[in-house]
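What follows is entry_36.cif (mmCIF, C-alpha atoms).
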```
data_target
#
loop_
_atom_site.label_atom_id
_atom_site.label_comp_id
_atom_site.auth_asym_id
_atom_site.auth_seq_id
_atom_site.Cartn_x
_atom_site.Cartn_y
_atom_site.Cartn_z
CA MET A 1 0.00 0.00 0.00
CA LYS A 2 1.38 3.43 -0.86
CA SER A 3 0.89 6.56 1.17
CA LYS A 4 -1.02 9.32 -0.47
CA ILE A 5 0.57 12.69 -0.37
CA PHE A 6 -1.69 15.28 1.13
CA SER A 7 -0.86 18.95 1.13
CA LEU A 8 -1.05 21.18 4.17
CA GLY A 9 -4.15 22.65 2.56
CA ASP A 10 -5.76 19.21 2.46
CA ARG A 11 -4.88 18.70 6.08
CA ARG A 12 -6.39 22.03 7.10
CA ARG A 13 -9.51 21.38 5.06
CA TYR A 14 -9.86 17.94 6.66
CA GLU A 15 -9.43 19.36 10.15
CA ARG A 16 -11.93 22.12 9.47
CA VAL A 17 -14.57 19.83 7.96
CA VAL A 18 -14.12 16.83 10.23
CA GLY A 19 -13.07 18.60 13.41
CA GLN A 20 -16.41 20.29 13.90
CA LEU A 21 -18.28 17.01 13.48
CA ARG A 22 -16.05 14.81 15.57
CA GLN A 23 -18.01 15.17 18.80
CA ASP A 24 -21.31 14.39 17.11
CA LEU A 25 -19.75 11.40 15.35
CA TYR A 26 -18.61 10.07 18.71
CA ARG A 27 -22.11 10.53 20.10
CA TYR A 28 -23.64 8.79 17.12
CA ALA A 29 -21.20 5.88 17.47
CA LEU A 30 -21.98 5.73 21.16
CA TRP A 31 -25.70 5.47 20.57
CA LEU A 32 -25.07 2.79 17.98
CA SER A 33 -22.79 0.73 20.17
CA ARG A 34 -23.84 1.74 23.67
CA ASP A 35 -20.22 1.37 24.66
CA PRO A 36 -17.87 4.38 25.02
CA GLN A 37 -14.77 2.30 24.30
CA VAL A 38 -16.25 0.84 21.12
CA ALA A 39 -17.50 4.28 20.10
CA GLU A 40 -14.02 5.75 20.47
CA ASP A 41 -12.44 2.93 18.49
CA VAL A 42 -15.05 3.11 15.76
CA VAL A 43 -14.69 6.87 15.39
CA GLN A 44 -10.93 6.69 15.37
CA GLU A 45 -10.89 4.09 12.62
CA SER A 46 -13.59 5.99 10.74
CA LEU A 47 -11.59 9.20 10.81
CA LEU A 48 -8.60 7.33 9.51
CA ARG A 49 -10.70 6.02 6.63
CA ALA A 50 -12.14 9.48 6.08
CA TRP A 51 -8.64 10.93 5.87
CA ARG A 52 -7.59 8.33 3.33
CA GLY A 53 -10.65 8.97 1.21
CA PHE A 54 -10.87 12.69 1.82
CA ASP A 55 -9.96 13.66 -1.71
CA GLY A 56 -13.18 11.89 -2.78
CA LEU A 57 -15.32 14.37 -0.86
CA GLN A 58 -16.02 17.05 -3.45
CA ASP A 59 -19.02 18.70 -1.83
CA GLU A 60 -18.37 19.76 1.73
CA THR A 61 -22.07 20.22 2.40
CA LYS A 62 -22.31 16.42 2.16
CA ALA A 63 -19.55 15.91 4.74
CA ARG A 64 -21.89 15.09 7.62
CA GLN A 65 -23.74 12.40 5.70
CA TRP A 66 -20.49 11.06 4.25
CA LEU A 67 -18.90 10.76 7.68
CA VAL A 68 -22.00 9.25 9.26
CA THR A 69 -22.00 6.59 6.57
CA ILE A 70 -18.33 5.82 7.25
CA VAL A 71 -18.95 5.56 11.00
CA ARG A 72 -21.97 3.35 10.43
CA ARG A 73 -20.06 0.99 8.13
CA GLU A 74 -17.16 0.88 10.54
CA PHE A 75 -19.49 0.07 13.43
CA PHE A 76 -21.07 -2.82 11.53
CA ARG A 77 -17.62 -4.09 10.56
CA PHE A 78 -16.72 -3.99 14.22
CA LYS A 79 -19.96 -5.70 15.19
CA GLU A 80 -19.35 -8.49 12.68
CA ARG A 81 -16.01 -9.18 14.26
CA GLN A 82 -17.56 -9.40 17.70
CA ARG A 83 -18.96 -12.85 18.15
CA GLU A 84 -21.17 -11.83 21.04
CA GLU A 85 -22.74 -8.51 21.73
CA THR A 86 -22.14 -7.58 25.30
CA VAL A 87 -23.25 -4.46 27.06
CA ASP A 88 -21.61 -3.56 30.31
CA PRO A 89 -24.35 -2.68 32.83
CA GLY A 90 -21.93 -0.21 34.42
CA ILE A 91 -21.90 1.84 31.22
CA LEU A 92 -25.57 2.59 31.53
CA ALA A 93 -25.12 3.97 35.03
CA GLU A 94 -22.06 5.92 33.91
CA ILE A 95 -23.85 7.50 30.96
CA ALA A 96 -26.97 8.30 32.94
CA ASP A 97 -24.95 9.75 35.79
CA GLU A 98 -23.33 12.46 33.70
CA VAL A 99 -26.27 14.85 33.64
CA ALA A 100 -27.58 17.15 36.31
CA ASP A 101 -31.20 17.13 35.13
CA PRO A 102 -32.90 13.93 36.37
CA LEU A 103 -35.41 14.05 33.50
CA VAL A 104 -32.61 14.09 30.94
CA GLU A 105 -31.00 11.25 32.84
CA GLU A 106 -34.20 9.21 32.72
CA LEU A 107 -34.67 9.88 29.06
CA ARG A 108 -31.08 8.88 28.37
CA VAL A 109 -31.65 5.56 30.10
CA ALA A 110 -34.83 5.06 28.08
CA ILE A 111 -33.02 5.79 24.80
CA PHE A 112 -30.30 3.36 25.84
CA ALA A 113 -32.97 0.69 26.24
CA LEU A 114 -34.62 1.32 22.86
CA GLU A 115 -34.20 -1.35 20.21
CA ASP A 116 -31.47 -0.60 17.64
CA ALA A 117 -34.07 -0.17 14.90
CA TYR A 118 -35.59 2.77 16.75
CA ARG A 119 -32.55 4.22 18.47
CA GLU A 120 -30.47 4.71 15.34
CA PRO A 121 -32.91 6.74 13.20
CA LEU A 122 -33.73 8.86 16.21
CA ALA A 123 -30.02 9.56 16.79
CA LEU A 124 -29.59 10.42 13.13
CA GLN A 125 -32.46 12.87 13.28
CA VAL A 126 -32.12 14.46 16.72
CA LEU A 127 -28.36 14.32 17.13
CA MET A 128 -27.04 14.52 13.60
CA GLY A 129 -29.82 16.65 12.15
CA HIS A 130 -30.52 14.48 9.14
CA THR A 131 -33.77 14.66 7.21
CA THR A 132 -35.93 11.57 6.94
CA ASP A 133 -34.88 11.29 3.31
CA GLU A 134 -31.22 11.29 4.30
CA ILE A 135 -31.83 8.77 7.07
CA ALA A 136 -33.57 6.52 4.57
CA GLY A 137 -30.48 6.73 2.36
CA ILE A 138 -28.08 6.04 5.20
CA MET A 139 -30.05 3.13 6.63
CA GLY A 140 -31.25 1.66 3.36
CA LEU A 141 -34.92 2.08 4.24
CA THR A 142 -37.87 3.73 2.59
CA GLN A 143 -38.78 7.17 3.83
CA GLY A 144 -42.09 5.74 5.05
CA ALA A 145 -40.28 3.15 7.17
CA VAL A 146 -38.09 5.85 8.66
CA LEU A 147 -41.11 7.98 9.55
CA THR A 148 -42.77 5.00 11.19
CA ARG A 149 -39.70 4.16 13.23
CA LEU A 150 -39.22 7.74 14.33
CA HIS A 151 -42.83 7.99 15.40
CA ARG A 152 -42.68 4.71 17.30
CA ALA A 153 -39.39 5.61 18.94
CA ARG A 154 -40.87 8.82 20.31
CA GLU A 155 -44.03 7.06 21.42
CA LYS A 156 -42.00 4.48 23.32
CA LEU A 157 -39.94 7.14 25.01
CA LYS A 158 -43.00 9.19 25.93
CA GLN A 159 -44.70 6.10 27.29
CA ALA A 160 -41.68 5.24 29.43
CA PHE A 161 -41.51 8.82 30.57
CA LEU A 162 -45.14 8.88 31.67
CA GLU A 163 -45.77 5.43 33.01
CA ASP A 164 -43.42 5.21 35.91
CA GLY A 165 -40.34 7.19 35.19
CA THR A 166 -38.26 4.24 34.09
CA LEU A 167 -38.18 1.65 31.40
CA ASP A 168 -37.74 -1.99 32.15
CA PRO A 169 -34.08 -2.84 32.67
CA VAL A 170 -32.07 -3.16 29.48
CA GLU A 171 -31.86 -6.66 28.10
CA ILE A 172 -28.24 -7.56 28.39
CA MET B 1 -37.29 -1.44 39.85
CA LYS B 2 -40.17 0.67 38.69
CA THR B 3 -41.19 3.66 40.75
CA LYS B 4 -44.74 4.84 41.01
CA LEU B 5 -45.04 8.46 40.01
CA THR B 6 -46.97 10.86 42.19
CA ALA B 7 -50.00 12.51 40.62
CA GLU B 8 -48.15 15.81 40.66
CA GLU B 9 -45.10 14.37 38.96
CA ARG B 10 -47.22 12.63 36.37
CA ALA B 11 -49.01 15.87 35.56
CA ARG B 12 -45.67 17.61 35.19
CA ARG B 13 -44.47 14.96 32.78
CA GLU B 14 -47.70 15.02 30.79
CA ALA B 15 -47.19 18.74 30.32
CA ILE B 16 -43.69 18.12 29.00
CA VAL B 17 -44.78 15.35 26.64
CA SER B 18 -47.65 17.40 25.23
CA ASP B 19 -45.34 20.35 24.62
CA GLU B 20 -43.48 19.14 21.54
CA ALA B 21 -40.72 21.76 21.69
CA ARG B 22 -40.03 21.01 25.33
CA PHE B 23 -39.92 17.27 24.80
CA GLU B 24 -37.64 17.65 21.78
CA ALA B 25 -35.28 19.88 23.78
CA LEU B 26 -35.14 17.22 26.47
CA LEU B 27 -34.53 14.55 23.86
CA GLU B 28 -31.73 16.54 22.30
CA ALA B 29 -30.07 17.05 25.68
CA ALA B 30 -30.34 13.34 26.39
CA PHE B 31 -28.58 12.44 23.15
CA LYS B 32 -25.68 14.83 23.75
CA ILE B 33 -23.29 12.74 25.74
CA ASP B 34 -19.85 14.25 26.17
CA PRO B 35 -16.90 12.30 24.85
CA PRO B 36 -14.72 10.79 27.56
CA LYS B 37 -12.43 13.20 29.39
CA ALA B 38 -9.34 11.34 28.23
CA ARG B 39 -10.11 12.46 24.70
CA ARG B 40 -9.81 16.06 25.81
CA ALA B 41 -6.26 15.58 27.13
CA PRO B 42 -3.95 18.13 25.58
CA PRO B 43 -1.72 16.74 22.88
CA ARG B 44 1.95 16.57 23.54
CA TRP B 45 2.86 19.01 20.82
CA PRO B 46 1.46 22.48 20.36
CA ALA B 47 -0.30 23.12 17.07
CA ILE B 48 2.83 24.58 15.48
CA PHE B 49 4.64 21.27 15.99
CA ALA B 50 1.66 19.39 14.64
CA VAL B 51 1.87 21.49 11.50
CA ALA B 52 5.62 20.95 11.40
CA ALA B 53 5.09 17.21 11.77
CA THR B 54 2.62 17.31 8.90
CA LEU B 55 5.17 19.11 6.78
CA VAL B 56 7.81 16.56 7.71
CA LEU B 57 5.36 13.78 6.85
CA ALA B 58 4.58 15.35 3.48
CA ALA B 59 8.25 16.04 2.79
CA GLY B 60 9.16 12.53 3.89
CA ALA B 61 6.55 11.01 1.63
CA TRP B 62 7.67 13.21 -1.27
CA LEU B 63 11.29 12.29 -0.77
CA GLY B 64 10.27 8.68 -0.33
CA LEU B 65 8.75 8.66 -3.77
CA ARG B 66 11.90 10.15 -5.21
CA THR B 67 14.25 7.64 -3.68
CA ASP B 68 15.60 4.74 -5.67
CA ALA B 69 15.47 2.44 -2.69
CA PRO B 70 13.68 -0.82 -3.49
CA SER B 71 10.18 -1.09 -2.06
CA TYR B 72 10.93 -4.27 -0.09
CA ASN B 73 13.25 -2.21 2.08
CA VAL B 74 10.33 -0.64 3.94
CA SER B 75 7.54 -2.41 5.76
CA PRO B 76 4.29 -2.44 3.77
CA LEU B 77 2.54 -1.88 7.11
CA SER B 78 4.44 1.35 7.61
CA PRO B 79 1.83 3.82 6.25
CA ASP B 80 -0.95 2.29 8.36
CA ILE B 81 1.19 2.22 11.49
CA ILE B 82 2.32 5.81 11.11
CA ALA B 83 -1.21 6.97 10.30
CA HIS B 84 -2.43 5.22 13.42
CA ILE B 85 0.23 6.90 15.54
CA HIS B 86 -0.72 10.29 14.13
CA HIS B 87 -4.31 9.73 15.09
CA GLU B 88 -3.46 9.20 18.74
CA PRO B 89 -1.23 12.19 19.54
CA ASN B 90 -2.18 12.05 23.21
CA ALA B 91 -0.36 8.72 23.42
CA LEU B 92 2.93 10.38 22.53
CA VAL B 93 3.56 12.13 25.79
CA VAL B 94 6.77 12.10 27.77
CA THR B 95 5.46 11.21 31.18
CA ALA B 96 6.35 9.52 34.42
CA SER B 97 2.90 7.99 34.75
CA THR B 98 2.47 4.27 34.29
CA VAL B 99 -0.53 2.28 33.14
CA PRO B 100 -1.68 -0.01 35.96
CA ASP B 101 -0.72 -3.65 35.38
CA ALA B 102 -4.35 -4.80 35.41
CA GLU B 103 -5.28 -2.24 32.76
CA LEU B 104 -2.37 -3.26 30.54
CA ALA B 105 -3.24 -6.93 31.03
CA GLY B 106 -6.83 -6.19 30.00
CA VAL B 107 -5.74 -4.47 26.80
CA LEU B 108 -3.33 -7.29 25.97
CA GLN B 109 -5.96 -9.92 26.61
CA ARG B 110 -8.48 -8.18 24.37
CA GLY B 111 -5.72 -7.88 21.78
CA ARG B 112 -5.12 -11.65 22.00
CA ALA B 113 -1.65 -11.21 23.42
CA SER B 114 0.26 -11.46 26.66
CA LEU B 115 3.64 -10.37 27.99
CA ALA B 116 5.71 -12.85 29.94
CA GLY B 117 8.09 -10.21 31.29
CA PRO B 118 8.61 -6.49 31.74
CA VAL B 119 9.07 -4.35 28.65
CA GLY B 120 9.69 -1.01 30.32
CA GLN B 121 7.58 1.83 31.65
CA VAL B 122 4.26 1.59 29.83
CA SER B 123 2.58 5.01 29.82
CA TYR B 124 -0.36 4.31 27.50
CA ALA B 125 -2.30 1.20 26.54
CA LYS B 126 -5.37 0.86 24.41
CA LEU B 127 -7.11 -1.68 22.23
CA CYS B 128 -7.23 -0.23 18.75
CA PRO B 129 -8.71 -1.11 15.39
CA PHE B 130 -5.93 -1.77 12.91
CA ARG B 131 -6.43 -3.15 9.39
CA GLY B 132 -9.72 -4.74 10.38
CA GLN B 133 -8.59 -6.29 13.65
CA MET B 134 -8.49 -5.10 17.23
CA VAL B 135 -4.89 -5.00 18.41
CA ALA B 136 -3.03 -4.03 21.56
CA HIS B 137 -1.32 -0.66 21.19
CA PHE B 138 0.86 0.61 23.98
CA VAL B 139 3.60 3.12 24.54
CA VAL B 140 6.85 2.46 26.37
CA GLN B 141 8.87 5.41 27.59
CA GLY B 142 12.21 5.17 25.82
CA GLU B 143 15.39 7.15 26.41
CA ARG B 144 14.55 9.70 23.74
CA GLY B 145 10.79 9.76 24.09
CA PRO B 146 7.73 7.59 23.74
CA VAL B 147 8.05 4.35 21.79
CA THR B 148 4.90 2.99 20.19
CA VAL B 149 4.38 -0.76 20.28
CA MET B 150 1.61 -2.52 18.36
CA LEU B 151 1.13 -6.24 18.80
CA LEU B 152 -0.14 -7.64 15.50
CA PRO B 153 -1.15 -11.30 15.77
CA ASP B 154 -2.67 -11.31 12.26
CA GLU B 155 0.14 -9.53 10.43
CA HIS B 156 2.73 -12.06 9.37
CA VAL B 157 6.10 -10.85 8.12
CA ALA B 158 8.96 -13.00 6.90
CA GLU B 159 11.69 -10.84 8.37
CA ALA B 160 12.25 -7.61 10.22
CA THR B 161 11.42 -4.66 8.00
CA PRO B 162 12.14 -1.03 8.79
CA ILE B 163 9.75 1.85 9.25
CA ASP B 164 11.05 5.29 8.35
CA GLU B 165 8.23 7.69 7.78
CA GLY B 166 6.69 10.86 9.12
CA GLY B 167 9.58 11.64 11.41
CA PHE B 168 9.46 8.23 13.05
CA LYS B 169 11.76 5.26 12.79
CA GLY B 170 11.08 1.73 13.78
CA THR B 171 10.68 -1.82 12.68
CA VAL B 172 8.14 -4.58 12.24
CA VAL B 173 9.57 -7.83 13.53
CA PRO B 174 8.13 -11.33 13.19
CA ILE B 175 7.18 -13.27 16.28
CA GLU B 176 8.03 -16.93 16.43
CA GLY B 177 4.93 -18.91 15.52
CA GLY B 178 3.30 -16.09 13.53
CA GLY B 179 2.23 -12.50 13.88
CA SER B 180 4.50 -9.52 14.36
CA VAL B 181 5.27 -6.56 16.54
CA ALA B 182 5.65 -2.99 15.35
CA ILE B 183 8.04 -0.82 17.36
CA VAL B 184 8.27 2.85 16.43
CA GLY B 185 10.06 5.72 18.15
CA GLN B 186 12.02 8.89 17.60
CA PRO B 187 14.74 8.68 14.93
CA ASP B 188 17.54 8.74 17.52
CA GLU B 189 15.91 6.24 19.87
CA ASN B 190 17.73 2.98 20.48
CA LEU B 191 14.94 0.50 19.89
CA GLU B 192 17.14 -2.56 20.14
CA GLU B 193 16.68 -3.07 23.85
CA ILE B 194 12.89 -2.63 23.76
CA ARG B 195 12.73 -4.92 20.74
CA ASN B 196 14.67 -7.66 22.52
CA ARG B 197 12.51 -7.39 25.62
CA LEU B 198 9.39 -7.64 23.50
CA LEU B 199 10.63 -10.60 21.50
CA ASN B 200 11.29 -12.45 24.74
CA ALA B 201 8.00 -11.48 26.33
CA VAL B 202 5.24 -11.51 23.69
CA SER B 203 3.02 -14.50 23.14
CA TRP B 204 -0.40 -14.80 21.53
CA LYS B 205 -3.59 -15.95 23.19
CA LEU B 206 -5.45 -17.09 20.10
#
```
Can you present the structure in this file as structure tokens?
Amino acid sequence: MKSKIFSLGDRRRYERVVGQLRQDLYRYALWLSRDPQVAEDVVQESLLRAWRGFDGLQDETKARQWLVTIVRREFFRFKERQREETVDPGILAEIADEVADPLVEELRVAIFALEDAYREPLALQVLMGHTTDEIAGIMGLTQGAVLTRLHRAREKLKQAFLEDGTLDPVEI
Amino acid sequence: MKTKLTAEERARREAIVSDEARFEALLEAAFKIDPPKARRAPPRWPAIFAVAATLVLAAGAWLGLRTDAPSYNVSPLSPDIIAHIHHEPNALVVTASTVPDAELAGVLQRGRASLAGPVGQVSYAKLCPFRGQMVAHFVVQGERGPVTVMLLPDEHVAEATPIDEGGFKGTVVPIEGGGSVAIVGQPDENLEEIRNRLLNAVSWKL
């Protein structure tokens, strides 16, 4: 494999475009994996891939969607390599503990417990700001399916929020 | 365990849920988890040195293309290893701190490796994705600065091959029975001793 030669201008452009999205990419990876360590690893590898393929990004307005797609692919590569999916129960407490507002904390726990099929489109919409059309493209779904999942995800969260303040414990 | 909400609390929550903007604000706050503190650690080099390192990398790569040296003289893993090092600048810190043994053992175990003896002062250890596999990556404090070590159970090399790229020098050495170890440090670092310690200590837990 040969190294590509990137100019200082490329490097600056990469840092400008990717740097501002890095935190959100970590958050997205975290909500995909529910594991801070995995999220860090996935983002790190994704940014490496993004750097290698950066000259392919012609339209910077598409950077967010491009990077999300890279992170998503990298996460599924990682998941394939993991024979068993394990979620550390301590992580849930750690994540929930970080906020001062108890309602945010409760909601965070409820999101953590959502099924992947609901959690991911919600993260793409609320966290990453993607339109339903973009989410459909990223996840390989129809726009109708995305709308349904987003609606159900919110309904589940609202229900958990109203019923008793907590969801059932996460299936681990 | 589920907790029964008081009537007052339930009413408060109903008000939030029925107010779409309020619920969405809460949802957005819930999604915004801060990255771990470790990620915010200041890099070893100020930005000016990072830029300088980039220039050195670019110059090195340019000169590398102009050299007549045969390609087999440099490890084919070199670009990936150097890129990986560049993406973890906070690992390259001259420090007196040491990674606790249990933490290092955990990283090694997850990287399918173990160390049968001491390799020096390990100041950083992390399981990292590398060419599609999770590998143990740690840093040993050398005489001239941090020395990056990557244990690569799936990367088989026939013989030791040098790394000389991006202002770093090092080597990828085969491990008896398969796999290899990448050792990369400052150009004036004597890697021989660390290499020998590693060759005596590394084994795979496959």
Report summary line: Counting all atoms listed in the file, the residue among A:Glu134, A:Glu15, A:Glu163, A:Glu120 that lies closest to chain B is A:Glu163
Query - Nearest-residue call for chain B, choices A:Ser33, A:Gln82, A:Thr61, A:Thr148, using only C-alpha atoms - result: A:Gln82
Requested in this report: Give me the result of the PyMOL selection byres ((chain A and resi 29) around 8) on this file, residue by residue, as a VMD selection string.
Outcome: chain A and resid 25 to 28 30 to 34 38 to 40 42 to 43 71 to 72 75
Query raised in the report: Quick one: residues within 10 Å of range 141-148 of chain B, all atoms listed in the file counted, chain neighbours fewer than 5 positions away excluded, as number ranges by chain?
Result: B: 81-82, 85, 91-98, 119-125, 168-170, 182-191, 193-194
Report task. Find the residues around Leu108 in chain B up to 6 Å (all atoms listed in the file counted), leave out those fewer than 5 positions away in its own chain, and share them as number ranges by chain. Result -> B: 113-114, 136
Query raised in the report: Which one is closest to Ala153 in chain A: A:Pro121, A:Gly9, A:Gly140, A:Pro102? Count all atoms listed in the file.
Result: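 When distances to Ala153 in chain A are compared using all atoms listed in the file, the smallest one comes from A:Pro121.
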Requested in this report: Using CA of Pro35 in chain B and CA of Ala21 in chain B as the two end points, give the distance in Å to one decimal.
Outcome: 25.8 Å
Tell me, as a PDB file with C-alpha atoms, in the coordinates of the input, which residues lie within 9 Å of Leu48 in chain A, counting only C-alpha atoms; anything in the same chain fewer than 6 positions away does not count.
```pdb
ATOM      1  CA  ALA B  83      -1.210   6.970  10.300  1.00  0.00           C
ATOM      2  CA  HIS B  84      -2.430   5.220  13.420  1.00  0.00           C
ATOM      3  CA  HIS B  87      -4.310   9.730  15.090  1.00  0.00           C
TER       4      HIS B  87
END
```
Query raised in the report: Do you have the CA of Glu20 in chain B-CA of Lys156 in chain A distance handy?
Result: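 Computing it gives 14.8 Å between the two atoms.
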Requested in this report: Quick one: everything within 12 Å of Arg16 in chain A, counting all atoms listed in the file, minus sequence neighbours fewer than 6 positions away in the same chain. Send it as a VMD selection string.
Outcome: chain A and resid 9 to 10 22 60 63
Report task. Please write as a ChimeraX atom specification the list of polymer residues whose atoms come within 7 Å of (-25.4, 11.8, 23.7), counting only C-alpha atoms and keeping to the coordinates of the file. Result -> /A:27 /B:30-34
**Report entry** Of the listed residues B:Ala105, B:Ala116, B:Cys128, B:Ala7, that which approaches chain A most closely, counting all atoms listed in the file
**Finding:**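 Comparing B:Ala105, B:Ala116, B:Cys128, B:Ala7 against chain A, the winner is B:Cys128.
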